[in-house]
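The file run21.cif contains mmCIF, C-alpha atoms and all ligand atoms:
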data_entry
#
loop_
_atom_site.group_PDB
_atom_site.id
_atom_site.type_symbol
_atom_site.label_atom_id
_atom_site.label_comp_id
_atom_site.auth_asym_id
_atom_site.auth_seq_id
_atom_site.Cartn_x
_atom_site.Cartn_y
_atom_site.Cartn_z
ATOM 1 C CA MET A 21 -33.682 85.675 107.677
ATOM 2 C CA LEU A 22 -36.408 83.123 107.074
ATOM 3 C CA LEU A 23 -37.337 82.296 103.535
ATOM 4 C CA PRO A 24 -40.928 82.952 102.616
ATOM 5 C CA LEU A 25 -42.674 79.580 102.633
ATOM 6 C CA TYR A 26 -43.536 79.490 98.946
ATOM 7 C CA ILE A 27 -39.881 79.886 97.997
ATOM 8 C CA TYR A 28 -38.878 77.206 100.443
ATOM 9 C CA VAL A 29 -41.488 74.781 99.054
ATOM 10 C CA LYS A 30 -40.494 75.561 95.503
ATOM 11 C CA LYS A 31 -36.818 74.961 96.294
ATOM 12 C CA ARG A 32 -37.508 71.733 98.089
ATOM 13 C CA LYS A 33 -39.710 70.405 95.329
ATOM 14 C CA LYS A 34 -37.155 71.293 92.729
ATOM 15 C CA SER A 35 -34.314 69.488 94.436
ATOM 16 C CA LEU A 36 -36.387 66.378 95.100
ATOM 17 C CA PHE A 37 -37.453 66.362 91.509
ATOM 18 C CA GLU A 38 -33.897 66.768 90.295
ATOM 19 C CA LYS A 39 -32.612 63.933 92.407
ATOM 20 C CA SER A 40 -34.985 61.538 90.697
ATOM 21 C CA ASP A 41 -34.136 63.151 87.354
ATOM 22 C CA LEU A 42 -30.489 62.205 87.686
ATOM 23 C CA GLU A 43 -31.514 58.643 88.573
ATOM 24 C CA HIS A 44 -33.792 58.504 85.538
ATOM 25 C CA PHE A 45 -31.040 59.869 83.383
ATOM 26 C CA LYS A 46 -28.666 57.190 84.707
ATOM 27 C CA HIS A 47 -31.226 54.512 83.930
ATOM 28 C CA GLU A 48 -31.666 55.861 80.377
ATOM 29 C CA VAL A 49 -27.897 55.981 79.906
ATOM 30 C CA GLU A 50 -27.569 52.338 81.002
ATOM 31 C CA ILE A 51 -30.282 51.306 78.540
ATOM 32 C CA TYR A 52 -28.670 53.394 75.798
ATOM 33 C CA PHE A 53 -25.253 51.768 76.251
ATOM 34 C CA SER A 54 -26.551 48.214 76.566
ATOM 35 C CA ASN A 55 -28.574 48.665 73.363
ATOM 36 C CA ARG A 56 -26.232 50.787 71.322
ATOM 37 C CA HIS A 57 -22.665 50.169 72.468
ATOM 38 C CA PRO A 58 -22.828 46.908 74.449
ATOM 39 C CA MET A 59 -19.085 46.184 74.307
ATOM 40 C CA VAL A 60 -18.055 49.359 76.130
ATOM 41 C CA PRO A 61 -17.110 48.547 79.752
ATOM 42 C CA LEU A 62 -18.506 51.575 81.594
ATOM 43 C CA ASP A 63 -17.886 52.793 85.088
ATOM 44 C CA TYR A 64 -20.943 54.721 86.302
ATOM 45 C CA SER A 65 -19.358 56.142 89.442
ATOM 46 C CA ILE A 66 -19.380 59.607 87.830
ATOM 47 C CA PHE A 67 -23.097 59.843 88.665
ATOM 48 C CA LYS A 68 -22.130 59.797 92.336
ATOM 49 C CA THR A 69 -19.052 62.041 91.991
ATOM 50 C CA SER A 70 -20.925 64.631 89.935
ATOM 51 C CA LYS A 71 -23.521 64.932 92.705
ATOM 52 C CA GLU A 72 -20.798 65.711 95.221
ATOM 53 C CA GLN A 73 -18.714 68.018 93.072
ATOM 54 C CA ALA A 74 -21.093 69.837 90.746
ATOM 55 C CA THR A 75 -21.667 73.458 91.567
ATOM 56 C CA SER A 76 -24.905 73.626 89.586
ATOM 57 C CA ASP A 77 -27.446 71.118 88.278
ATOM 58 C CA ASN A 78 -26.486 71.682 84.694
ATOM 59 C CA MET A 79 -22.872 71.046 85.695
ATOM 60 C CA GLU A 80 -23.858 67.582 86.932
ATOM 61 C CA GLU A 81 -25.048 66.543 83.493
ATOM 62 C CA VAL A 82 -22.066 68.048 81.744
ATOM 63 C CA MET A 83 -19.675 66.189 84.047
ATOM 64 C CA VAL A 84 -21.519 62.905 83.515
ATOM 65 C CA ILE A 85 -21.623 63.258 79.723
ATOM 66 C CA GLU A 86 -17.986 64.293 79.416
ATOM 67 C CA ASP A 87 -16.888 61.408 81.617
ATOM 68 C CA LEU A 88 -18.909 58.806 79.680
ATOM 69 C CA VAL A 89 -17.711 60.099 76.310
ATOM 70 C CA SER A 90 -14.141 60.052 77.571
ATOM 71 C CA GLN A 91 -14.543 56.440 78.715
ATOM 72 C CA PHE A 92 -15.917 55.570 75.269
ATOM 73 C CA ILE A 93 -12.920 57.211 73.588
ATOM 74 C CA HIS A 94 -10.293 55.687 75.862
ATOM 75 C CA MET A 95 -11.662 52.157 76.225
ATOM 76 C CA PRO A 96 -8.916 49.616 75.547
ATOM 77 C CA TYR A 97 -9.039 48.306 72.007
ATOM 78 C CA SER A 98 -6.315 46.755 69.930
ATOM 79 C CA LEU A 99 -6.393 46.401 66.174
ATOM 80 C CA LYS A 100 -5.905 42.716 65.455
ATOM 81 C CA THR A 101 -5.884 40.666 62.262
ATOM 82 C CA GLN A 102 -9.486 39.679 61.499
ATOM 83 C CA PRO A 103 -10.894 36.258 60.530
ATOM 84 C CA SER A 104 -10.784 35.045 56.922
ATOM 85 C CA VAL A 105 -13.896 34.150 54.943
ATOM 86 C CA GLY A 106 -14.384 30.999 52.839
ATOM 87 C CA LYS A 107 -12.369 31.054 49.585
ATOM 88 C CA GLU A 108 -15.549 30.256 47.633
ATOM 89 C CA LEU A 109 -16.774 33.779 48.482
ATOM 90 C CA LEU A 110 -13.795 35.433 46.795
ATOM 91 C CA TRP A 111 -13.356 36.286 43.108
ATOM 92 C CA ALA A 112 -10.673 35.869 40.429
ATOM 93 C CA THR A 113 -9.091 39.326 40.825
ATOM 94 C CA TYR A 114 -9.354 39.381 44.633
ATOM 95 C CA GLU A 115 -5.713 38.663 45.374
ATOM 96 C CA GLU A 116 -4.337 41.012 42.743
ATOM 97 C CA ASN A 117 -6.643 43.873 43.813
ATOM 98 C CA SER A 118 -5.671 43.442 47.453
ATOM 99 C CA PHE A 119 -2.341 45.077 46.697
ATOM 100 C CA VAL A 120 -3.075 48.583 45.527
ATOM 101 C CA LYS A 121 -0.728 51.491 45.350
ATOM 102 C CA LYS A 122 -0.927 54.258 47.905
ATOM 103 C CA ASP A 123 -3.740 56.795 47.267
ATOM 104 C CA LYS A 124 -5.611 54.297 45.073
ATOM 105 C CA ILE A 125 -8.668 52.313 46.039
ATOM 106 C CA PRO A 126 -9.419 48.802 44.727
ATOM 107 C CA LYS A 127 -12.267 48.656 42.193
ATOM 108 C CA ASP A 128 -13.955 45.954 44.224
ATOM 109 C CA LEU A 129 -13.905 47.877 47.526
ATOM 110 C CA SER A 130 -17.697 47.843 47.952
ATOM 111 C CA GLN A 131 -17.704 44.056 47.493
ATOM 112 C CA ARG A 132 -15.015 43.771 50.171
ATOM 113 C CA LYS A 133 -16.896 46.075 52.493
ATOM 114 C CA GLU A 134 -20.053 44.001 52.145
ATOM 115 C CA LEU A 135 -18.223 40.724 52.866
ATOM 116 C CA VAL A 136 -16.508 42.249 55.918
ATOM 117 C CA TYR A 137 -19.848 43.608 57.141
ATOM 118 C CA ARG A 138 -21.393 40.141 56.859
ATOM 119 C CA ARG A 139 -18.386 38.452 58.477
ATOM 120 C CA ASP A 140 -18.565 40.969 61.369
ATOM 121 C CA LEU A 141 -22.292 40.191 61.833
ATOM 122 C CA GLN A 142 -23.381 43.758 60.936
ATOM 123 C CA THR A 143 -21.703 44.973 64.112
ATOM 124 C CA CYS A 144 -19.063 47.555 65.021
ATOM 125 C CA LYS A 145 -16.138 45.437 66.182
ATOM 126 C CA ARG A 146 -15.031 48.004 68.721
ATOM 127 C CA CYS A 147 -18.207 49.022 70.578
ATOM 128 C CA GLY A 148 -20.651 46.304 69.501
ATOM 129 C CA GLN A 149 -23.194 48.611 67.862
ATOM 130 C CA LYS A 150 -25.525 46.835 65.417
ATOM 131 C CA LEU A 151 -25.302 48.732 62.111
ATOM 132 C CA LYS A 152 -27.368 49.251 58.987
ATOM 133 C CA PRO A 153 -25.212 48.843 55.840
ATOM 134 C CA THR A 154 -25.316 52.613 55.274
ATOM 135 C CA ASP A 155 -24.019 53.298 58.815
ATOM 136 C CA ALA A 156 -21.104 50.858 58.565
ATOM 137 C CA TYR A 157 -17.555 52.107 58.000
ATOM 138 C CA LEU A 158 -14.620 50.082 56.771
ATOM 139 C CA GLY A 159 -11.591 50.339 59.035
ATOM 140 C CA MET A 160 -8.065 49.155 58.365
ATOM 141 C CA ILE A 161 -5.979 47.209 60.857
ATOM 142 C CA LYS A 162 -2.648 48.087 59.280
ATOM 143 C CA LYS A 163 -2.595 51.285 57.240
ATOM 144 C CA ILE A 164 -1.530 51.202 53.581
ATOM 145 C CA GLU A 165 1.410 53.494 54.358
ATOM 146 C CA ASP A 166 2.566 50.969 56.958
ATOM 147 C CA GLY A 167 2.426 48.114 54.465
ATOM 148 C CA GLY A 168 -1.242 47.177 54.943
ATOM 149 C CA THR A 169 -3.317 45.649 52.138
ATOM 150 C CA TYR A 170 -6.983 45.328 51.220
ATOM 151 C CA HIS A 171 -7.145 41.651 52.203
ATOM 152 C CA LEU A 172 -10.281 41.016 54.252
ATOM 153 C CA GLU A 173 -8.129 40.060 57.257
ATOM 154 C CA ASN A 174 -6.873 43.641 57.299
ATOM 155 C CA LEU A 175 -10.365 45.155 57.138
ATOM 156 C CA VAL A 176 -12.904 45.606 59.920
ATOM 157 C CA THR A 177 -16.383 47.062 60.442
ATOM 158 C CA PHE A 178 -16.757 50.151 62.618
ATOM 159 C CA CYS A 179 -19.535 52.576 63.514
ATOM 160 C CA VAL A 180 -19.041 56.252 62.642
ATOM 161 C CA ASP A 181 -17.576 57.184 66.047
ATOM 162 C CA CYS A 182 -15.243 54.203 66.444
ATOM 163 C CA ASN A 183 -13.978 54.714 62.911
ATOM 164 C CA ARG A 184 -12.999 58.284 63.760
ATOM 165 C CA ILE A 185 -11.535 57.400 67.171
ATOM 166 C CA VAL A 186 -9.360 54.593 65.818
ATOM 167 C CA LYS A 187 -8.011 56.789 63.007
ATOM 168 C CA ALA A 188 -7.360 59.891 65.104
ATOM 169 C CA ASP A 189 -3.934 60.868 66.397
ATOM 170 C CA GLU A 190 -5.538 62.725 69.279
ATOM 171 C CA PRO A 191 -8.948 61.095 69.779
ATOM 172 C CA ALA A 192 -9.700 63.101 72.950
ATOM 173 C CA LYS A 193 -10.091 66.184 70.752
ATOM 174 C CA LEU A 194 -13.033 64.552 68.950
ATOM 175 C CA ALA A 195 -15.201 64.315 72.083
ATOM 176 C CA SER A 196 -17.810 67.011 71.425
ATOM 177 C CA SER A 197 -18.106 66.182 67.729
ATOM 178 C CA LEU A 198 -18.929 62.497 68.253
ATOM 179 C CA LYS A 199 -22.402 61.122 67.663
ATOM 180 C CA ILE A 200 -22.418 59.564 71.130
ATOM 181 C CA TYR A 201 -21.984 63.058 72.624
ATOM 182 C CA ASP A 202 -25.072 64.294 70.762
ATOM 183 C CA ASP A 203 -27.026 61.197 71.783
ATOM 184 C CA LEU A 204 -26.209 61.748 75.469
ATOM 185 C CA ILE A 205 -27.052 65.466 75.309
ATOM 186 C CA HIS A 206 -30.347 64.503 73.730
ATOM 187 C CA LEU A 207 -31.046 61.982 76.511
ATOM 188 C CA SER A 208 -30.160 64.484 79.240
ATOM 189 C CA ASN A 209 -32.368 67.193 77.725
ATOM 190 C CA ARG A 210 -35.362 65.016 78.451
ATOM 191 C CA TYR A 211 -34.646 65.426 82.155
ATOM 192 C CA SER A 212 -33.792 69.069 82.428
HETATM 193 ZN ZN ZN B 301 -18.447 51.547 67.425
#
Will you turn the file into structure tokens for me?
Amino acid sequence: MLLPLYIYVKKRKKSLFEKSDLEHFKHEVEIYFSNRHPMVPLDYSIFKTSKEQATSDNMEEVMVIEDLVSQFIHMPYSLKTQPSVGKELLWATYEENSFVKKDKIPKDLSQRKELVYRRDLQTCKRCGQKLKPTDAYLGMIKKIEDGGTYHLENLVTFCVDCNRIVKADEPAKLASSLKIYDDLIHLSNRYS
């Protein structure tokens, strides 16, 4: 049976429009990652695969977002000892306070956090996101329970998502609660 013309035109228009939507979305995603998480090596082939495999248009976006978030979670990253800062920046009780007992926090933690943030050039050391002081998290290379200390070489600046990913035993489970997931949903909503 032939489709009435108006339905045919509507369908055709919609699919043409959606094709360019996915391209726009891809462009926005590339801009988002280069601005926000420049150190994440992304593979964008999911944009092509999703087109071939998705059973609905909404499915395309979901597949793309889940793939990108998964790449963000699983990108290779190893926790390494961080650079020292000049001794003139440290204080009399620095050394002593670096060794705190488990479950205790050094009194000068905010001072340490600020120095680490400056040393790390206000940037998440995992994904490269530029951070305001209030958005910066202090990560530990070696955990206290594994013999880690509060020396600056054992501390590192992370964004909210990287901080959670690095700490998690099963980071894949965090996917839909990460900020990056919300950001990508927000971007995709502009094209649906
Ligand atoms: Zn990060």
From A:Gln142, A:Asn174, A:Thr169, A:Ser40, residue lying nearest ligand ZN 301 (chain B) [all atoms listed in the file]: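 Ranking A:Gln142, A:Asn174, A:Thr169, A:Ser40 by distance to ligand ZN 301 (chain B), first place goes to A:Gln142.
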Polymer residues at most 10 Å from Lys46 (chain A), all atoms listed in the file, same-chain spacing of 4 or more positions, as a count of residues only: 11
Cut-off 7 Å, all atoms listed in the file, neighbours of ligand ZN 301 (chain B) as JSON, numbers by chain: {"A": [57, 144, 145, 146, 147, 148, 149, 178, 179, 180, 181, 182]}
Asn209 (chain A) surroundings by all atoms listed in the file, 12 Å radius, close-in-sequence under 6 positions cut, as a list in words: Asp41, Leu42, His44, Phe45, Glu48, Asn78, Glu81, Val82, Ile85, Asp202 and Asp203 of chain A
Interatomic distance, CA of Thr69 (chain A) to CA of Met83 (chain A) (Å, one decimal): 9.0 Å
The PyMOL selection byres (((chain A and resi 101-107) around 7) and not hetatm) resolved against shown file, as a ChimeraX atom specification: /A:99-100,108-110,161,172-174
Could you dump the residues just selected with C-alpha atoms as a CSV table (one decimal), in the frame of the given file?
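Final output, saved to result-v5.csv:
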chain,number,residue,atom,x,y,z
A,99,LEU,CA,-6.4,46.4,66.2
A,100,LYS,CA,-5.9,42.7,65.5
A,108,GLU,CA,-15.5,30.3,47.6
A,109,LEU,CA,-16.8,33.8,48.5
A,110,LEU,CA,-13.8,35.4,46.8
A,161,ILE,CA,-6.0,47.2,60.9
A,172,LEU,CA,-10.3,41.0,54.3
A,173,GLU,CA,-8.1,40.1,57.3
A,174,ASN,CA,-6.9,43.6,57.3
Gap from CA of Lys150 (chain A) to CA of Ile125 (chain A) - Å, one decimal: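 CA of Lys150 (chain A) sits 26.3 Å away from CA of Ile125 (chain A).
Between CA of Glu116 (chain A) and CA of Ser130 (chain A) lies a distance of 15.9 Å.
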From A:Lys124, A:Arg210, A:His94, A:Arg56, residue lying nearest Leu194 (chain A) [all atoms listed in the file]: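 Distance minimum relative to Leu194 (chain A) lands on A:His94.
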Given only C-alpha atoms as the counted atoms, nearest of A:Ser197, A:Ala156, A:Lys127, A:Asp166 to Leu141 (chain A): A:Ala156
Non-local contacts of Pro153 (chain A) (9 Å; all atoms listed in the file; under 4 positions in same chain excluded) as a list of chain:residue names: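 My reading of the contact set: A:Glu134, A:Tyr137, A:Gln142, A:Tyr157.
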Reference answer for the PyMOL selection byres (((chain A and resi 89) around 9) and not hetatm), as a ChimeraX atom specification: /A:84-88,90-94,195-196,198,200-201,204
Scan for residues within 7 Å of the point (-12.7, 47.8, 50.9) in the coordinates of the file, using all atoms listed in the file, and reply as a compact mmCIF listing (two decimals) with C-alpha atoms, keeping the file's coordinate frame.
# COMPACT_ATOMS: atom_id res chain seq x y z
CA LEU A 129 -13.90 47.88 47.53
CA SER A 130 -17.70 47.84 47.95
CA ARG A 132 -15.02 43.77 50.17
CA LYS A 133 -16.90 46.08 52.49
CA LEU A 158 -14.62 50.08 56.77
CA TYR A 170 -6.98 45.33 51.22
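Among A:Val120, A:Met95, A:Ile205, A:Met59, the residue with the shortest atom-to-atom distance to Pro191 (chain A), counting only C-alpha atoms, is A:Met95.
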Show me, as lines of an AutoDock Vina configuration file, the centre and edge lengths in Å to one decimal of the axis-aligned box that covers every listed atom of region 158-173 of chain A with 8 Å on each side.
center_x = -6.0
center_y = 46.8
center_z = 56.0
size_x = 33.2
size_y = 29.4
size_z = 25.6
